[in-house]
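Dropping upload.txt in here (compact mmCIF, C-alpha atoms):
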# COMPACT_ATOMS: atom_id res chain seq x y z
CA MET M 18 0.00 0.00 0.00
CA LYS M 19 2.82 2.40 0.78
CA ILE M 20 4.38 1.74 -2.61
CA VAL M 21 1.08 2.32 -4.41
CA GLY M 22 0.51 5.49 -2.42
CA PHE M 23 3.95 6.78 -3.39
CA ILE M 24 3.27 6.04 -7.06
CA LEU M 25 -0.05 7.89 -6.90
CA LEU M 26 1.60 10.86 -5.22
CA LEU M 27 4.35 10.93 -7.85
CA ALA M 28 1.78 10.81 -10.64
CA THR M 29 -0.05 13.76 -9.09
CA VAL M 30 3.16 15.80 -8.89
CA VAL M 31 4.06 15.07 -12.52
CA GLN M 32 0.54 15.95 -13.63
CA ALA M 33 0.76 19.27 -11.78
CA GLN M 34 3.90 20.14 -13.73
CA ASN M 35 2.25 19.52 -17.12
CA PHE M 36 0.93 22.32 -19.32
CA GLU M 37 -1.01 22.65 -22.56
CA LEU M 38 -1.05 25.65 -24.87
CA ARG M 39 -3.87 25.68 -27.42
CA ILE M 40 -3.00 28.23 -30.09
CA GLN M 41 -4.81 29.63 -33.11
CA ALA M 42 -3.41 32.09 -35.66
CA LYS M 43 -5.79 34.33 -37.55
CA THR M 44 -3.21 34.60 -40.33
CA VAL M 45 -0.66 31.95 -41.27
CA VAL M 46 2.55 32.08 -43.29
CA PRO M 47 2.44 29.21 -45.82
CA GLY M 48 5.07 26.56 -45.22
CA LYS M 49 6.07 28.02 -41.84
CA LYS M 50 5.69 26.59 -38.35
CA ILE M 51 4.76 28.04 -34.97
CA TYR M 52 7.49 27.65 -32.34
CA LEU M 53 7.58 27.42 -28.58
CA GLU M 54 10.63 29.07 -27.03
CA TYR M 55 11.98 28.86 -23.49
CA ILE M 56 13.63 31.97 -21.99
CA ASN M 57 16.67 30.97 -19.96
CA GLU M 58 18.24 32.77 -17.00
CA LEU M 59 20.35 34.92 -19.34
CA GLY M 60 17.26 36.17 -21.12
CA LYS M 61 18.01 34.16 -24.26
CA SER M 62 15.09 32.46 -26.02
CA VAL M 63 15.69 28.86 -27.08
CA LYS M 64 13.37 26.95 -29.42
CA ILE M 65 12.12 23.77 -27.72
CA ASP M 66 9.14 22.72 -29.85
CA SER M 67 7.41 23.48 -33.14
CA ALA M 68 4.29 22.53 -35.05
CA ALA M 69 2.70 23.28 -38.42
CA PRO M 70 -0.80 24.81 -38.20
CA SER M 71 -3.76 22.56 -38.91
CA ALA M 72 -6.41 23.35 -41.50
CA GLN M 73 -8.05 25.45 -38.79
CA ASN M 74 -4.80 27.38 -38.21
CA LYS M 75 -4.33 25.69 -34.84
CA VAL M 76 -1.43 24.08 -32.98
CA SER M 77 -1.03 22.62 -29.52
CA PHE M 78 2.04 22.41 -27.30
CA LYS M 79 2.18 20.07 -24.31
CA GLY M 80 4.96 19.29 -21.88
CA GLN M 81 6.37 19.74 -18.41
CA VAL M 82 7.43 23.19 -17.25
CA LYS M 83 11.11 23.84 -16.72
CA ASP M 84 12.56 25.08 -13.43
CA GLN M 85 9.23 24.56 -11.58
CA GLY M 86 8.01 27.59 -13.48
CA ALA M 87 9.41 29.48 -16.46
CA PHE M 88 8.89 32.15 -19.11
CA TYR M 89 8.06 31.05 -22.64
CA LEU M 90 7.42 32.72 -25.99
CA VAL M 91 5.05 31.56 -28.71
CA ASN M 92 6.88 32.54 -31.90
CA PHE M 93 4.54 32.79 -34.88
CA PHE M 94 6.28 31.52 -38.01
CA ASP M 95 9.78 32.76 -37.10
CA THR M 96 9.74 35.47 -39.75
CA PRO M 97 12.37 38.26 -39.66
CA LYS M 98 10.06 40.21 -37.30
CA PRO M 99 7.69 37.57 -35.90
CA GLN M 100 4.77 38.16 -33.59
CA LYS M 101 5.77 36.73 -30.21
CA VAL M 102 3.46 36.17 -27.24
CA LEU M 103 4.84 35.79 -23.72
CA VAL M 104 3.46 32.97 -21.55
CA ILE M 105 4.36 32.37 -17.89
CA LEU M 106 3.92 28.72 -16.89
CA GLU M 107 4.25 27.03 -13.51
CA GLY M 108 2.54 23.71 -14.21
CA GLY M 109 -1.07 22.55 -14.41
CA GLU M 110 -2.15 25.18 -16.93
CA THR M 111 -4.34 24.85 -20.00
CA ILE M 112 -4.18 28.16 -21.83
CA ASP M 113 -5.90 29.29 -25.02
CA ILE M 114 -4.20 31.87 -27.23
CA VAL M 115 -5.70 33.46 -30.34
CA ALA M 116 -3.26 35.77 -32.14
CA ASP M 117 -3.06 37.72 -35.39
CA GLY M 118 -0.02 35.63 -36.33
CA VAL M 119 1.66 38.59 -38.03
CA ASN M 120 2.56 42.11 -36.95
CA ASP M 121 0.99 45.34 -38.14
CA GLU M 122 2.85 48.37 -39.56
CA GLU M 123 3.96 49.35 -36.06
CA GLY M 124 5.51 45.93 -35.53
CA LYS M 125 2.82 44.67 -33.17
CA GLY M 126 0.22 41.95 -33.44
CA ASN M 127 -2.83 41.59 -31.22
CA PHE M 128 -3.73 38.51 -29.23
CA THR M 129 -6.10 37.20 -26.59
CA MET M 130 -5.15 34.77 -23.85
CA LYS M 131 -7.58 32.80 -21.68
CA GLY M 132 -6.79 30.79 -18.58
CA ASP M 133 -7.87 31.18 -14.96
CA TYR M 134 -4.38 31.45 -13.49
CA PRO M 135 -2.67 34.29 -11.57
CA ASN M 136 0.19 34.56 -14.07
CA VAL M 137 -2.26 35.04 -16.95
CA LYS M 138 -4.52 37.44 -15.06
CA TYR M 139 -1.81 39.80 -13.83
CA MET M 140 0.32 39.63 -16.96
CA LEU M 141 -2.64 40.81 -19.04
CA GLU M 142 -3.41 43.56 -16.53
CA LEU M 143 0.19 44.78 -16.65
CA MET M 144 0.07 44.79 -20.46
CA ALA M 145 -3.18 46.78 -20.38
CA ILE M 146 -1.64 49.43 -18.10
CA SER M 147 1.39 49.68 -20.39
CA LYS M 148 -0.81 49.87 -23.49
CA GLU M 149 -2.95 52.64 -21.96
CA MET M 150 0.18 54.68 -21.27
CA GLU M 151 1.51 54.02 -24.76
CA VAL M 152 -1.69 55.35 -26.37
CA LYS M 153 -1.52 58.53 -24.26
CA VAL M 154 2.13 59.14 -25.14
CA ARG M 155 1.44 58.70 -28.85
CA LYS M 156 -1.37 61.24 -28.64
CA TRP M 157 0.78 63.72 -26.67
CA ASN M 158 3.64 63.44 -29.16
CA GLN M 159 1.23 64.26 -31.98
CA GLU M 160 -0.05 67.29 -30.06
CA ILE M 161 3.48 68.60 -29.49
CA GLN M 162 4.28 68.31 -33.20
CA VAL M 163 1.27 70.53 -33.94
CA ASP M 164 1.89 73.05 -31.14
CA GLN M 165 5.23 73.23 -29.34
CA LYS M 166 3.70 75.59 -26.75
CA GLN M 167 1.80 72.61 -25.29
CA GLU M 168 5.02 70.85 -24.27
CA LYS M 169 5.06 72.05 -20.65
CA ARG M 170 1.42 71.05 -20.10
CA ILE M 171 1.94 67.68 -21.77
CA GLN M 172 5.11 66.97 -19.77
CA ALA M 173 3.17 67.58 -16.56
CA ALA M 174 0.38 65.29 -17.78
CA PHE M 175 2.94 62.62 -18.71
CA THR M 176 4.55 62.75 -15.26
CA GLN M 177 1.15 62.48 -13.58
CA ALA M 178 0.06 59.58 -15.82
CA GLN M 179 3.34 57.75 -15.27
CA ALA M 180 2.94 58.06 -11.49
CA ALA M 181 -0.63 56.77 -11.74
CA SER M 182 0.48 53.75 -13.78
CA THR M 183 3.20 52.91 -11.25
CA ALA M 184 0.67 53.23 -8.42
CA LYS M 185 -1.65 50.71 -10.12
CA ILE M 186 1.19 48.26 -10.54
CA LYS M 187 2.28 48.64 -6.92
CA GLN M 188 -1.25 47.81 -5.78
CA MET M 189 -1.15 44.58 -7.79
CA ILE M 190 2.22 43.34 -6.51
CA PRO M 191 1.00 41.92 -3.15
CA LEU M 192 -1.79 40.04 -4.95
CA MET M 193 0.77 38.25 -7.15
CA GLY M 194 2.30 36.43 -4.18
CA SER M 195 5.24 34.27 -5.23
CA ASN M 196 3.92 33.68 -8.75
CA LEU M 197 6.50 34.38 -11.43
CA VAL M 198 4.46 37.26 -12.82
CA ALA M 199 5.74 39.23 -9.81
CA LEU M 200 9.25 38.84 -11.19
CA TRP M 201 8.09 40.06 -14.60
CA ALA M 202 6.30 43.02 -12.99
CA THR M 203 9.63 44.39 -11.75
CA ASN M 204 10.33 45.48 -15.35
CA PHE M 205 7.56 48.08 -14.95
CA LEU M 206 8.96 49.60 -11.75
CA PRO M 207 11.58 52.40 -11.71
CA ALA M 208 14.42 50.90 -9.66
CA GLU M 209 15.74 54.23 -8.44
CA LYS M 210 12.39 55.06 -6.80
CA GLU M 211 11.04 51.63 -5.83
CA MET M 212 14.06 49.92 -4.26
CA ALA M 213 12.11 48.98 -1.11
CA LEU M 214 9.40 47.24 -3.12
CA LEU M 215 11.94 45.49 -5.35
CA THR M 216 13.72 44.23 -2.25
CA GLU M 217 10.42 42.94 -0.87
CA ILE M 218 9.74 41.06 -4.12
CA ALA M 219 13.27 39.62 -4.10
CA ASP M 220 12.88 38.42 -0.50
CA ARG M 221 9.52 36.82 -1.22
CA LEU M 222 10.60 35.05 -4.41
CA GLY M 223 13.99 34.13 -2.95
CA LYS M 224 12.31 32.27 -0.08
CA ALA M 225 9.66 30.63 -2.25
CA ARG M 226 12.00 29.71 -5.14
CA PRO M 227 15.58 29.69 -3.83
CA ALA M 228 16.88 27.48 -6.66
CA HIS M 229 15.02 29.13 -9.55
CA PRO M 230 17.63 30.41 -12.07
CA GLN M 231 15.84 33.63 -13.01
CA VAL M 232 14.94 34.42 -9.41
CA GLN M 233 18.59 33.92 -8.46
CA GLN M 234 19.62 36.23 -11.30
CA PHE M 235 17.16 38.90 -10.15
CA VAL M 236 18.27 38.67 -6.50
CA ASN M 237 21.94 38.89 -7.50
CA ASN M 238 21.32 41.86 -9.82
CA LEU M 239 19.36 43.63 -7.10
CA GLN M 240 22.16 43.13 -4.61
CA ARG M 241 24.63 44.64 -7.07
CA LEU M 242 22.23 47.52 -7.72
CA GLN M 243 21.97 48.21 -3.99
CA GLN M 244 25.75 48.39 -3.79
CA GLY M 245 25.31 50.99 -6.47
CA VAL M 246 27.29 53.27 -8.67
CA PHE M 247 27.14 56.18 -6.25
CA GLU M 248 27.01 59.89 -7.00
CA GLY M 249 30.52 61.27 -6.82
CA ALA M 250 32.08 57.98 -7.93
CA LEU M 251 34.15 57.69 -11.09
CA ALA M 252 31.89 56.07 -13.68
CA PRO M 253 32.92 52.50 -14.62
CA GLU M 254 34.30 52.18 -18.13
CA ILE M 255 32.07 50.92 -20.94
CA ASN M 256 33.78 50.01 -24.21
CA LEU M 257 31.40 48.33 -26.66
CA ALA M 258 30.66 48.13 -30.37
CA THR M 259 28.95 51.00 -32.19
CA PRO M 260 26.35 50.53 -34.96
CA GLU M 261 29.17 51.24 -37.43
CA GLY M 262 31.30 48.41 -36.00
CA PRO M 263 34.29 49.83 -34.08
CA ASN M 264 34.15 50.07 -30.30
CA LEU M 265 33.58 53.37 -28.52
CA ALA M 266 34.83 53.91 -24.97
CA LEU M 267 32.83 56.01 -22.54
CA SER M 268 36.07 57.57 -21.30
CA SER M 269 36.69 59.02 -24.78
CA LEU M 270 33.89 61.51 -24.09
CA ARG M 271 35.68 63.15 -21.16
CA GLY M 272 35.43 66.93 -21.31
CA LYS M 273 31.67 66.81 -21.89
CA TYR M 274 28.71 66.26 -19.62
CA VAL M 275 27.52 62.75 -20.60
CA LEU M 276 24.17 61.07 -20.04
CA ILE M 277 24.54 57.27 -20.07
CA ASP M 278 21.14 56.06 -21.28
CA PHE M 279 20.40 52.34 -20.80
CA TRP M 280 17.56 51.33 -23.12
CA ALA M 281 16.45 48.76 -25.73
CA SER M 282 14.29 48.64 -28.83
CA TRP M 283 11.93 46.18 -27.07
CA CYS M 284 11.48 48.42 -24.00
CA GLY M 285 8.13 50.24 -24.26
CA PRO M 286 8.88 52.86 -21.56
CA CYS M 287 12.24 53.57 -23.23
CA ARG M 288 10.69 54.14 -26.64
CA ARG M 289 8.00 56.37 -25.14
CA GLU M 290 10.69 58.43 -23.41
CA ASN M 291 12.83 58.79 -26.55
CA PRO M 292 10.98 61.84 -27.99
CA ASN M 293 11.74 63.71 -24.76
CA VAL M 294 15.41 62.70 -24.94
CA VAL M 295 15.60 63.85 -28.58
CA LYS M 296 14.37 67.31 -27.60
CA THR M 297 16.76 67.48 -24.65
CA TYR M 298 19.74 66.50 -26.81
CA ALA M 299 18.86 69.11 -29.44
CA ALA M 300 18.70 71.80 -26.76
CA TYR M 301 22.07 71.07 -25.11
CA LYS M 302 24.32 69.22 -27.58
CA ASP M 303 26.08 72.43 -28.65
CA LYS M 304 26.77 73.40 -25.03
CA GLY M 305 28.99 70.43 -24.18
CA PHE M 306 26.35 67.73 -23.61
CA GLU M 307 26.53 64.21 -25.06
CA ILE M 308 24.43 61.06 -24.76
CA PHE M 309 25.98 57.58 -24.62
CA GLY M 310 23.19 55.11 -25.41
CA VAL M 311 23.81 51.58 -24.13
CA SER M 312 21.34 49.14 -25.69
CA LEU M 313 20.28 45.89 -24.02
CA ASP M 314 19.08 44.50 -27.34
CA GLN M 315 19.80 41.01 -28.66
CA ASP M 316 18.72 41.66 -32.25
CA ARG M 317 21.12 43.98 -34.10
CA ALA M 318 18.56 44.79 -36.80
CA ALA M 319 15.93 45.78 -34.20
CA TRP M 320 18.48 47.96 -32.40
CA LEU M 321 19.48 49.81 -35.59
CA LYS M 322 15.87 50.18 -36.70
CA ALA M 323 14.88 51.76 -33.37
CA ILE M 324 17.77 54.24 -33.62
CA GLU M 325 16.61 55.23 -37.10
CA THR M 326 12.86 55.31 -36.33
CA ASP M 327 13.20 57.33 -33.12
CA LYS M 328 15.85 59.65 -34.66
CA LEU M 329 18.42 59.02 -31.95
CA VAL M 330 21.37 60.92 -33.39
CA TRP M 331 23.80 60.59 -30.45
CA LYS M 332 26.44 57.96 -29.58
CA HIS M 333 25.31 54.31 -29.35
CA VAL M 334 26.95 51.06 -28.24
CA SER M 335 25.84 47.50 -27.50
CA ASP M 336 27.23 43.99 -27.12
CA LEU M 337 23.75 42.55 -27.92
CA LYS M 338 23.77 40.47 -24.74
CA TYR M 339 20.41 41.56 -23.28
CA TRP M 340 20.52 41.71 -19.45
CA SER M 341 24.00 40.15 -19.55
CA SER M 342 25.32 43.30 -21.24
CA ALA M 343 28.74 44.22 -19.88
CA GLY M 344 27.51 47.79 -19.49
CA ALA M 345 24.41 46.80 -17.54
CA GLN M 346 26.48 44.53 -15.31
CA ALA M 347 29.01 47.29 -14.59
CA TYR M 348 26.26 49.70 -13.51
CA GLN M 349 24.04 47.08 -11.82
CA VAL M 350 21.16 47.93 -14.15
CA ASN M 351 18.19 45.55 -13.75
CA SER M 352 15.43 47.76 -15.14
CA ILE M 353 15.27 50.21 -18.02
CA PRO M 354 15.12 53.02 -18.91
CA GLN M 355 17.93 53.98 -16.52
CA THR M 356 20.27 56.96 -16.74
CA PHE M 357 23.52 58.18 -15.18
CA LEU M 358 24.70 61.77 -15.70
CA LEU M 359 28.47 62.32 -15.64
CA ASP M 360 30.46 65.51 -15.22
CA ARG M 361 33.36 66.49 -17.48
CA GLU M 362 35.78 64.38 -15.42
CA GLY M 363 33.63 61.27 -15.79
CA ARG M 364 32.14 61.26 -12.28
CA VAL M 365 28.49 60.42 -11.58
CA ILE M 366 26.59 63.57 -10.57
CA ALA M 367 22.98 62.32 -10.91
CA LYS M 368 21.03 59.10 -11.51
CA GLY M 369 17.61 58.28 -12.89
CA LEU M 370 16.97 61.65 -14.54
CA ARG M 371 14.34 61.63 -17.30
CA GLY M 372 11.82 63.98 -18.86
CA ALA M 373 11.24 67.26 -17.06
CA ALA M 374 13.64 66.35 -14.26
CA LEU M 375 16.50 65.95 -16.75
CA ASP M 376 15.63 69.21 -18.52
CA GLN M 377 15.52 71.12 -15.24
CA TYR M 378 18.86 69.69 -14.11
CA LEU M 379 20.57 70.53 -17.40
CA ALA M 380 19.04 74.01 -17.51
CA GLN M 381 20.65 74.73 -14.14
CA LEU M 382 23.89 73.03 -15.13
CA PHE M 383 24.31 75.10 -18.29
CA LYS M 384 22.78 78.28 -16.87
CA ASP M 385 26.00 80.28 -17.01
CA LYS M 386 27.66 78.34 -19.84
How does the structure come out when it is put into structure tokens?
Amino acid sequence: MKIVGFILLLATVVQAQNFELRIQAKTVVPGKKIYLEYINELGKSVKIDSAAPSAQNKVSFKGQVKDQGAFYLVNFFDTPKPQKVLVILEGGETIDIVADGVNDEEGKGNFTMKGDYPNVKYMLELMAISKEMEVKVRKWNQEIQVDQKQEKRIQAAFTQAQAASTAKIKQMIPLMGSNLVALWATNFLPAEKEMALLTEIADRLGKARPAHPQVQQFVNNLQRLQQGVFEGALAPEINLATPEGPNLALSSLRGKYVLIDFWASWCGPCRRENPNVVKTYAAYKDKGFEIFGVSLDQDRAAWLKAIETDKLVWKHVSDLKYWSSAGAQAYQVNSIPQTFLLDREGRVIAKGLRGAALDQYLAQLFKDK
């Protein structure tokens, strides 16, 4: 009886680790498959399964979750710019996804996801908050192009809306418990302002999932961030490849005030902030101000396209290593956008400046220059 009981218990545990993704594409690419990708602790996506759509444009993926819970991507047809849908799995889920299958002109495809699980519920809520902010920013940017006099009003509205979005996310965090969506939610929190909450999340997940590779990575990154690159300290060197090929060293910009801007083409908040950074650069570049953009991209083409689309005409570097970027590691960056302002000797004089706060700081800095 004890042996039978053990077998039954083992079967229950294995069953709890199983998942099923039922996927339908509204549009298919002839001759192409849909892929399931696993995101490892370094942020790299690795293909682990694939299937050709049925006559009804459907596929199904079944298996056991990795790491007692992991992040996955459904990659539609692996085209040069495929639609990808994030799925957070911890075992026991049956999730239905209906997606466009291709991206629109803005590089985005719509999808719906159904499944009564905390990771699904809160992930979709986070995406909705981000989408709401994105729509507002697009509208404000259009207004500024029509009437530059509205910039001050719009900047105030942006700051207020950004604070409201962060407040909504902070209210959701306790409800997420130790589900992995709490780890994903940290990407929506400004590290320089929400260190206490990030520490709380790290403590909770660290106790619940001490051996989980991505939790360990987050905890370690947070510890490095807390040690910090302090104001007054000499900025660590960054020497990475430029879009043109050759490396560019941060130290080569000594003699100018330099804003190190950590960003990525895939980072929604970064892209929404870029129009503000463009205006700031135009206002101060002839006064001894430079921007050193450090991208956390993995895809070189996406990085270069974002630079072109957003008209980012300053200095750029990247090693295309995502969160394992040598630059991000040197500055303990675990959320973006993140900025460090350096004086002419290469010392950190301010951190986390963006939008109106950056403009005000620079206006004072260059007041008599």
For Val334 of chain M, find every residue with an atom within 6 Å (counting only C-alpha atoms), except residues of its own chain fewer than 3 positions away, and show them as a compact mmCIF listing (two decimals) with C-alpha atoms, in the coordinates of the input.
# COMPACT_ATOMS: atom_id res chain seq x y z
CA LEU M 257 31.40 48.33 -26.66
CA ALA M 258 30.66 48.13 -30.37
CA THR M 259 28.95 51.00 -32.19
CA VAL M 311 23.81 51.58 -24.13
- Best match for closeness to Lys273 of chain M among M:Gly194, M:Gly363, M:Gly249, M:Gly109, counting all atoms listed in the file: M:Gly363
- Rank M:Asn92, M:Gln243, M:Gln188, M:Gln381 by their smallest atom-to-atom distance to Val350 of chain M, using all atoms listed in the file, and report the top residue only.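 Among the listed residues, M:Gln243 lies closest to Val350 of chain M.
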- Surrounding residues of Trp340 of chain M excluding itself and chain neighbours under 2 positions, 7 Å, all atoms listed in the file, as a PyMOL selection string: chain M and resi 59-60+313+338+342+345
- Using all atoms listed in the file, what residues lie at most 12 Å away from (3.8, 43.5, -36.6) (file coordinates), given as an MDAnalysis selection string? chainID M and resid 44 93 96:102 116:128
- With a distance cut-off of 7 Å and all atoms listed in the file, select the neighbouring residues of Asn35 of chain M, excluding the residue or stretch itself and same-chain residues fewer than 4 positions from it, and output the selection as a PyMOL selection string. chain M and resi 31+80-82+108-109
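Nearest residue to Asp84 of chain M among M:Leu267, M:Ile171, M:Ile40, M:Ile56 is M:Ile56, counting only C-alpha atoms.
For the atom pair formed by atom CA of Ala68 of chain M and atom CA of Pro47 of chain M, the distance is 12.8 Å, given to one decimal.
Closest to Ala250 of chain M among M:Ala367, M:Val76, M:Ala87, M:Leu53 is M:Ala367, based on all atoms listed in the file.
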- Straight-line distance linking atom CA of Val154 of chain M with atom CA of Lys322 of chain M, stated in Å to one decimal: 20.1 Å
- Message: Just the number, please: distance in Å from atom CA of Gln159 of chain M to atom CA of Thr297 of chain M, one decimal.
- Response: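 It comes out at 17.5 Å.
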- Could you check which of M:Ser195, M:Asn158, M:Asn204, M:Phe175 is closest to Val295 of chain M, using all atoms listed in the file? M:Asn158
- Task: Mind checking which residues fall within 12 Å of Phe78 of chain M, counting all atoms listed in the file, ignoring those fewer than 2 positions away in the same chain, and posting them as a ChimeraX atom specification?
- Result: /M:35-41,51-54,65-70,75-76,80-82,89-91,110-114
Limited to C-alpha atoms, could you put the picked residues into a file as a short mmCIF file (atom, residue, chain, number, x, y, z; two decimals), in the frame of the given file?
data_model
loop_
_atom_site.label_atom_id
_atom_site.label_comp_id
_atom_site.auth_asym_id
_atom_site.auth_seq_id
_atom_site.Cartn_x
_atom_site.Cartn_y
_atom_site.Cartn_z
CA ASN M 35 2.25 19.52 -17.12
CA PHE M 36 0.93 22.32 -19.32
CA GLU M 37 -1.01 22.65 -22.56
CA LEU M 38 -1.05 25.65 -24.87
CA ARG M 39 -3.87 25.68 -27.42
CA ILE M 40 -3.00 28.23 -30.09
CA GLN M 41 -4.81 29.63 -33.11
CA ILE M 51 4.76 28.04 -34.97
CA TYR M 52 7.49 27.65 -32.34
CA LEU M 53 7.58 27.42 -28.58
CA GLU M 54 10.63 29.07 -27.03
CA ILE M 65 12.12 23.77 -27.72
CA ASP M 66 9.14 22.72 -29.85
CA SER M 67 7.41 23.48 -33.14
CA ALA M 68 4.29 22.53 -35.05
CA ALA M 69 2.70 23.28 -38.42
CA PRO M 70 -0.80 24.81 -38.20
CA LYS M 75 -4.33 25.69 -34.84
CA VAL M 76 -1.43 24.08 -32.98
CA GLY M 80 4.96 19.29 -21.88
CA GLN M 81 6.37 19.74 -18.41
CA VAL M 82 7.43 23.19 -17.25
CA TYR M 89 8.06 31.05 -22.64
CA LEU M 90 7.42 32.72 -25.99
CA VAL M 91 5.05 31.56 -28.71
CA GLU M 110 -2.15 25.18 -16.93
CA THR M 111 -4.34 24.85 -20.00
CA ILE M 112 -4.18 28.16 -21.83
CA ASP M 113 -5.90 29.29 -25.02
CA ILE M 114 -4.20 31.87 -27.23
#
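Minimum distance to Ala199 of chain M across M:Glu254, M:Thr183, M:Pro135, M:Gln165 (counting all atoms listed in the file) occurs at M:Pro135.
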- Identify, on the basis of only C-alpha atoms, every residue whose closest approach to Phe247 of chain M does not exceed 12 Å; exclude the query and any residue fewer than 6 positions from it along the same chain; express the result as a list in words.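 Here the answer would be Glu209, Arg241, Pro253, Tyr348, Gln349, Phe357, Leu358, Leu359, Arg364, Val365, Ile366, Ala367, Lys368 and Gly369 of chain M.
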Completion of segment 206-218 of chain M up to N, CA and C atoms, as a CSV table (one decimal), in the frame of the given file:
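What landed in rebuild-v5.csv:
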chain,number,residue,atom,x,y,z
M,206,LEU,N,8.7,48.8,-12.9
M,206,LEU,CA,9.0,49.6,-11.8
M,206,LEU,C,10.3,50.3,-11.9
M,207,PRO,N,10.3,51.7,-11.7
M,207,PRO,CA,11.6,52.4,-11.7
M,207,PRO,C,12.4,52.0,-10.5
M,208,ALA,N,13.6,51.4,-10.7
M,208,ALA,CA,14.4,50.9,-9.7
M,208,ALA,C,14.9,52.0,-8.7
M,209,GLU,N,15.2,53.2,-9.3
M,209,GLU,CA,15.7,54.2,-8.4
M,209,GLU,C,14.7,54.8,-7.4
M,210,LYS,N,13.4,54.6,-7.7
M,210,LYS,CA,12.4,55.1,-6.8
M,210,LYS,C,11.7,54.0,-6.0
M,211,GLU,N,11.8,52.7,-6.4
M,211,GLU,CA,11.0,51.6,-5.8
M,211,GLU,C,12.0,50.5,-5.3
M,212,MET,N,13.1,50.9,-4.8
M,212,MET,CA,14.1,49.9,-4.3
M,212,MET,C,13.5,49.1,-3.1
M,213,ALA,N,12.7,49.7,-2.2
M,213,ALA,CA,12.1,49.0,-1.1
M,213,ALA,C,11.2,47.9,-1.6
M,214,LEU,N,10.3,48.2,-2.6
M,214,LEU,CA,9.4,47.2,-3.1
M,214,LEU,C,10.1,46.1,-3.9
M,215,LEU,N,11.2,46.5,-4.6
M,215,LEU,CA,11.9,45.5,-5.4
M,215,LEU,C,12.6,44.5,-4.4
M,216,THR,N,13.1,45.1,-3.3
M,216,THR,CA,13.7,44.2,-2.2
M,216,THR,C,12.7,43.3,-1.6
M,217,GLU,N,11.5,43.8,-1.4
M,217,GLU,CA,10.4,42.9,-0.9
M,217,GLU,C,10.1,41.8,-1.8
M,218,ILE,N,10.0,42.1,-3.1
M,218,ILE,CA,9.7,41.1,-4.1
M,218,ILE,C,10.9,40.0,-4.1
